[in-house]
Amino acid sequence: MALLDQVELPKPLKFTLNWGRKYSLWTLQFGLACCAIEMAASMMPRHDIMRFGVIPFPASPRQADVMIVAGTCVDKMIPSIIRVWEQMPEPKYAISFGSCSNSGGPYWDSYSVAKGIDQYLPIDVYVPGCPPRPEALLDGIMKLQEKIQGESLKERLSAS
Amino acid sequence: MPLESATLDSVSEDLRAALGDDILEVTENWGHLIVRVPPERRPEALAVLKAIGFDFYSFGCGVDWPDEDVLEVLDNVFSTKRMARVTVKCRVPRSTPRVPTATGVYGGADWHERETWELFGIVFAGHPRLRRLLLADWQEGFPMRKDEVLRPRVEKPWPGEFFEA
């Protein structure tokens, strides 16, 4: 990555690199509540998230490209989420899955629930719903792939 | 499961025989007994219940009654032999919420008392390790007390009222 954050790649090379990156998304599952069940359902044969190139079983956050925060983030959990997030190598992406991690959801007035995980992590894609259907997560993955295809790796790496 | 009144009568008789005048009130609600005792007699009341067959500490919790300036401690015990359920209640003033611990009688009361302590601020005197159980270390106040302010509600009122107006 020594060159990639300094040199803007030629267009064909950039296209090929991003095309390769977007179909190999090693996804760290941060399932916290009922949304985790829907996330698991999207990885099962019926919805089969793997056909989008998402590999949902990294052995550690150090191998992951995407983190899916699925479920209610309580204040006590936030340090753990940030710690796992910081262990992931660049370039990394975050998906906020479900109303609770988007904004607090039904627990927006609770004394212990964080009002949106985007206060702590840079979220790329928000998936609304309570809980969202597995199709919604597939749509979120496709949105993330569009974003990866269109981005410049130089800007991404030099910004972080 | 509702109980036959004969079972309830025998339980309340046993309690009255052991605790005597300490029992302030015995009521029956949907087949369950509710016993009110003074806060300092809480462990004794639970010990009596354990001795007469109430072997399972089902749950313990608190209730806030701000109008009466009272915090209430509830202990719900269950007898697997008699298939009966008894709630022991004791009331403490909100200014000095202090009751003796029941961990010496029922070991299962440990976590329930820690939870009640951090949510209501009721101190269980003699508890071996009165530390936080569920909440984050930096949490302030006692969230389950009714005068505790919910900050998001202050900043933005409930949307239902917004739509009615």
# chains A, B, ... in the order shown; residues from 1 in each chain; ligands from 1
$ select_by_dssp --residues "chain A" --states "strand (DSSP E or B)" --output "ChimeraX atom specification"
/A:25-31,54-55,66-70,74,93-97,113,125-127
$ write_last_selection --atoms "N, CA and C atoms" --output "short mmCIF file (atom, residue, chain, number, x, y, z; two decimals), in the first residue's frame"
data_model
loop_
_atom_site.label_atom_id
_atom_site.label_comp_id
_atom_site.auth_asym_id
_atom_site.auth_seq_id
_atom_site.Cartn_x
_atom_site.Cartn_y
_atom_site.Cartn_z
N LEU A 25 -15.32 -9.21 -0.55
CA LEU A 25 -15.55 -8.46 0.69
C LEU A 25 -15.57 -9.44 1.85
N TRP A 26 -14.47 -9.51 2.57
CA TRP A 26 -14.46 -10.34 3.78
C TRP A 26 -15.20 -9.55 4.86
N THR A 27 -16.25 -10.16 5.35
CA THR A 27 -17.19 -9.41 6.18
C THR A 27 -17.15 -9.88 7.62
N LEU A 28 -16.86 -8.93 8.49
CA LEU A 28 -16.89 -9.24 9.92
C LEU A 28 -18.31 -9.02 10.43
N GLN A 29 -18.84 -10.04 11.08
CA GLN A 29 -20.22 -9.91 11.56
C GLN A 29 -20.19 -9.43 13.00
N PHE A 30 -20.77 -8.26 13.21
CA PHE A 30 -20.93 -7.79 14.59
C PHE A 30 -22.41 -7.85 14.93
N GLY A 31 -22.90 -9.05 15.13
CA GLY A 31 -24.31 -9.23 15.44
C GLY A 31 -24.57 -8.98 16.90
N VAL A 54 -19.32 -11.83 -1.10
CA VAL A 54 -19.12 -11.53 0.32
C VAL A 54 -18.72 -12.82 1.03
N ILE A 55 -17.61 -12.77 1.72
CA ILE A 55 -17.16 -13.95 2.45
C ILE A 55 -17.38 -13.68 3.93
N VAL A 66 -15.04 -5.48 5.57
CA VAL A 66 -16.31 -4.83 5.90
C VAL A 66 -16.73 -5.28 7.29
N MET A 67 -17.26 -4.33 8.06
CA MET A 67 -17.88 -4.71 9.32
C MET A 67 -19.36 -4.40 9.22
N ILE A 68 -20.20 -5.39 9.54
CA ILE A 68 -21.64 -5.16 9.59
C ILE A 68 -22.04 -5.08 11.06
N VAL A 69 -22.40 -3.87 11.48
CA VAL A 69 -22.88 -3.70 12.86
C VAL A 69 -24.38 -3.94 12.83
N ALA A 70 -24.81 -5.07 13.34
CA ALA A 70 -26.21 -5.46 13.24
C ALA A 70 -26.80 -5.54 14.63
N VAL A 74 -25.43 -0.95 22.87
CA VAL A 74 -25.52 -0.27 24.16
C VAL A 74 -24.19 0.43 24.44
N TYR A 93 -14.60 -0.82 5.45
CA TYR A 93 -15.95 -0.26 5.25
C TYR A 93 -16.85 -0.72 6.38
N ALA A 94 -17.87 0.07 6.68
CA ALA A 94 -18.80 -0.29 7.75
C ALA A 94 -20.22 -0.18 7.23
N ILE A 95 -21.02 -1.19 7.56
CA ILE A 95 -22.44 -1.16 7.23
C ILE A 95 -23.20 -1.13 8.55
N SER A 96 -24.09 -0.16 8.67
CA SER A 96 -24.96 -0.11 9.84
C SER A 96 -26.27 -0.80 9.46
N PHE A 97 -26.58 -1.89 10.15
CA PHE A 97 -27.69 -2.76 9.76
C PHE A 97 -28.79 -2.67 10.79
N VAL A 113 -28.76 2.90 25.54
CA VAL A 113 -28.51 2.53 24.14
C VAL A 113 -27.90 3.72 23.41
N VAL A 125 -22.76 2.48 4.48
CA VAL A 125 -24.11 2.17 4.02
C VAL A 125 -25.00 1.96 5.23
N TYR A 126 -26.17 2.61 5.22
CA TYR A 126 -27.17 2.38 6.25
C TYR A 126 -28.26 1.48 5.67
N VAL A 127 -28.61 0.43 6.39
CA VAL A 127 -29.70 -0.44 5.96
C VAL A 127 -30.86 -0.24 6.93
#
$ interface_residues --of "chain B" --to "chain A" --cutoff "8 Å" --atoms "only C-alpha atoms" --output "ChimeraX atom specification"
/B:135-137,143,150-153
$ write_last_selection --atoms "N, CA and C atoms" --output "PDB file, in the first residue's frame"
ATOM      1  N   LEU B 135     -24.909  -2.244  33.836  1.00  0.00           N
ATOM      2  CA  LEU B 135     -24.674  -0.940  33.213  1.00  0.00           C
ATOM      3  C   LEU B 135     -23.187  -0.683  33.031  1.00  0.00           C
ATOM      4  N   ALA B 136     -22.899   0.282  32.156  1.00  0.00           N
ATOM      5  CA  ALA B 136     -21.513   0.686  31.951  1.00  0.00           C
ATOM      6  C   ALA B 136     -20.998   1.408  33.186  1.00  0.00           C
ATOM      7  N   ASP B 137     -19.669   1.375  33.365  1.00  0.00           N
ATOM      8  CA  ASP B 137     -19.073   1.934  34.576  1.00  0.00           C
ATOM      9  C   ASP B 137     -19.316   3.433  34.698  1.00  0.00           C
ATOM     10  N   PRO B 143     -31.142   4.779  36.689  1.00  0.00           N
ATOM     11  CA  PRO B 143     -32.049   4.969  35.551  1.00  0.00           C
ATOM     12  C   PRO B 143     -33.491   4.559  35.801  1.00  0.00           C
ATOM     13  N   LEU B 150     -34.665  11.484  31.221  1.00  0.00           N
ATOM     14  CA  LEU B 150     -34.224  10.864  29.971  1.00  0.00           C
ATOM     15  C   LEU B 150     -33.851  11.985  29.006  1.00  0.00           C
ATOM     16  N   ARG B 151     -32.562  12.133  28.750  1.00  0.00           N
ATOM     17  CA  ARG B 151     -32.081  13.287  27.992  1.00  0.00           C
ATOM     18  C   ARG B 151     -32.692  13.378  26.581  1.00  0.00           C
ATOM     19  N   PRO B 152     -32.758  12.266  25.829  1.00  0.00           N
ATOM     20  CA  PRO B 152     -33.356  12.383  24.491  1.00  0.00           C
ATOM     21  C   PRO B 152     -34.794  12.893  24.515  1.00  0.00           C
ATOM     22  N   ARG B 153     -35.544  12.531  25.543  1.00  0.00           N
ATOM     23  CA  ARG B 153     -36.929  12.989  25.655  1.00  0.00           C
ATOM     24  C   ARG B 153     -36.992  14.487  25.915  1.00  0.00           C
TER      25      ARG B 153
END
$ residues_around --residues "Leu9 of chain A" --least-positions-apart "6" --cutoff "12 Å" --atoms "only C-alpha atoms" --output "list of chain:residue names"
A:Leu3, A:Phe15, A:Thr16, A:Leu17, A:Asn18, A:Glu151, A:Ser152, A:Leu153, A:Lys154, A:Glu155
$ atom_distance --atom1 "atom CA of Ile82 of chain A" --atom2 "atom CA of Thr116 of chain B"
29.5 Å
$ residues_around --residues "Glu146 of chain A" --least-positions-apart "6" --cutoff "12 Å" --atoms "only C-alpha atoms" --output "tab-separated table (two decimals) with N, CA, C and O atoms, in the first residue's frame"
chain	number	residue	atom	x	y	z
A	15	PHE	N	-10.00	0.62	-12.50
A	15	PHE	CA	-11.23	-0.15	-12.71
A	15	PHE	C	-11.02	-1.61	-12.32
A	15	PHE	O	-11.81	-2.21	-11.59
A	18	ASN	N	-10.52	-2.02	-8.44
A	18	ASN	CA	-11.77	-1.86	-7.69
A	18	ASN	C	-12.73	-2.99	-7.98
A	18	ASN	O	-13.45	-3.45	-7.09
A	19	TRP	N	-12.73	-3.45	-9.23
A	19	TRP	CA	-13.61	-4.56	-9.61
A	19	TRP	C	-13.22	-5.82	-8.83
A	19	TRP	O	-14.07	-6.57	-8.36
A	21	ARG	N	-11.66	-5.78	-5.92
A	21	ARG	CA	-11.90	-5.57	-4.47
A	21	ARG	C	-13.37	-5.74	-4.13
A	21	ARG	O	-13.70	-6.28	-3.08
A	22	LYS	N	-14.25	-5.28	-5.02
A	22	LYS	CA	-15.66	-5.25	-4.62
A	22	LYS	C	-16.27	-6.64	-4.62
A	22	LYS	O	-17.32	-6.85	-4.01
A	23	TYR	N	-15.66	-7.60	-5.29
A	23	TYR	CA	-16.20	-8.96	-5.26
A	23	TYR	C	-15.44	-9.85	-4.29
A	23	TYR	O	-15.51	-11.07	-4.38
A	124	ASP	N	-20.55	3.59	5.90
A	124	ASP	CA	-20.68	3.75	4.45
A	124	ASP	C	-22.11	3.53	3.98
A	124	ASP	O	-22.60	4.27	3.15
A	125	VAL	N	-22.76	2.48	4.48
A	125	VAL	CA	-24.11	2.17	4.02
A	125	VAL	C	-25.00	1.96	5.23
A	125	VAL	O	-24.62	1.25	6.17
A	139	ASP	N	-29.16	-5.62	-0.84
A	139	ASP	CA	-29.18	-4.33	-1.50
A	139	ASP	C	-28.10	-3.41	-0.94
A	139	ASP	O	-27.44	-2.69	-1.69
A	140	GLY	N	-27.92	-3.47	0.39
A	140	GLY	CA	-26.87	-2.66	1.00
A	140	GLY	C	-25.50	-3.06	0.51
A	140	GLY	O	-24.63	-2.21	0.26
$ select_by_dssp --residues "segment 6-151 of chain B" --states "helix (DSSP H, G or I)" --output "ChimeraX atom specification"
/B:6-22,39-51,109-120,151
$ atom_distance --atom1 "atom CA of Arg114 of chain B" --atom2 "atom CA of Gly31 of chain B"
29.0 Å
$ atom_distance --atom1 "atom CA of Arg133 of chain A" --atom2 "atom CA of Ile37 of chain A"
10.0 Å
$ closest_residue --among "B:Lys50, B:Arg129, B:Lys146, B:Lys156" --to "Val86 of chain B" --atoms "only C-alpha atoms"
B:Lys50
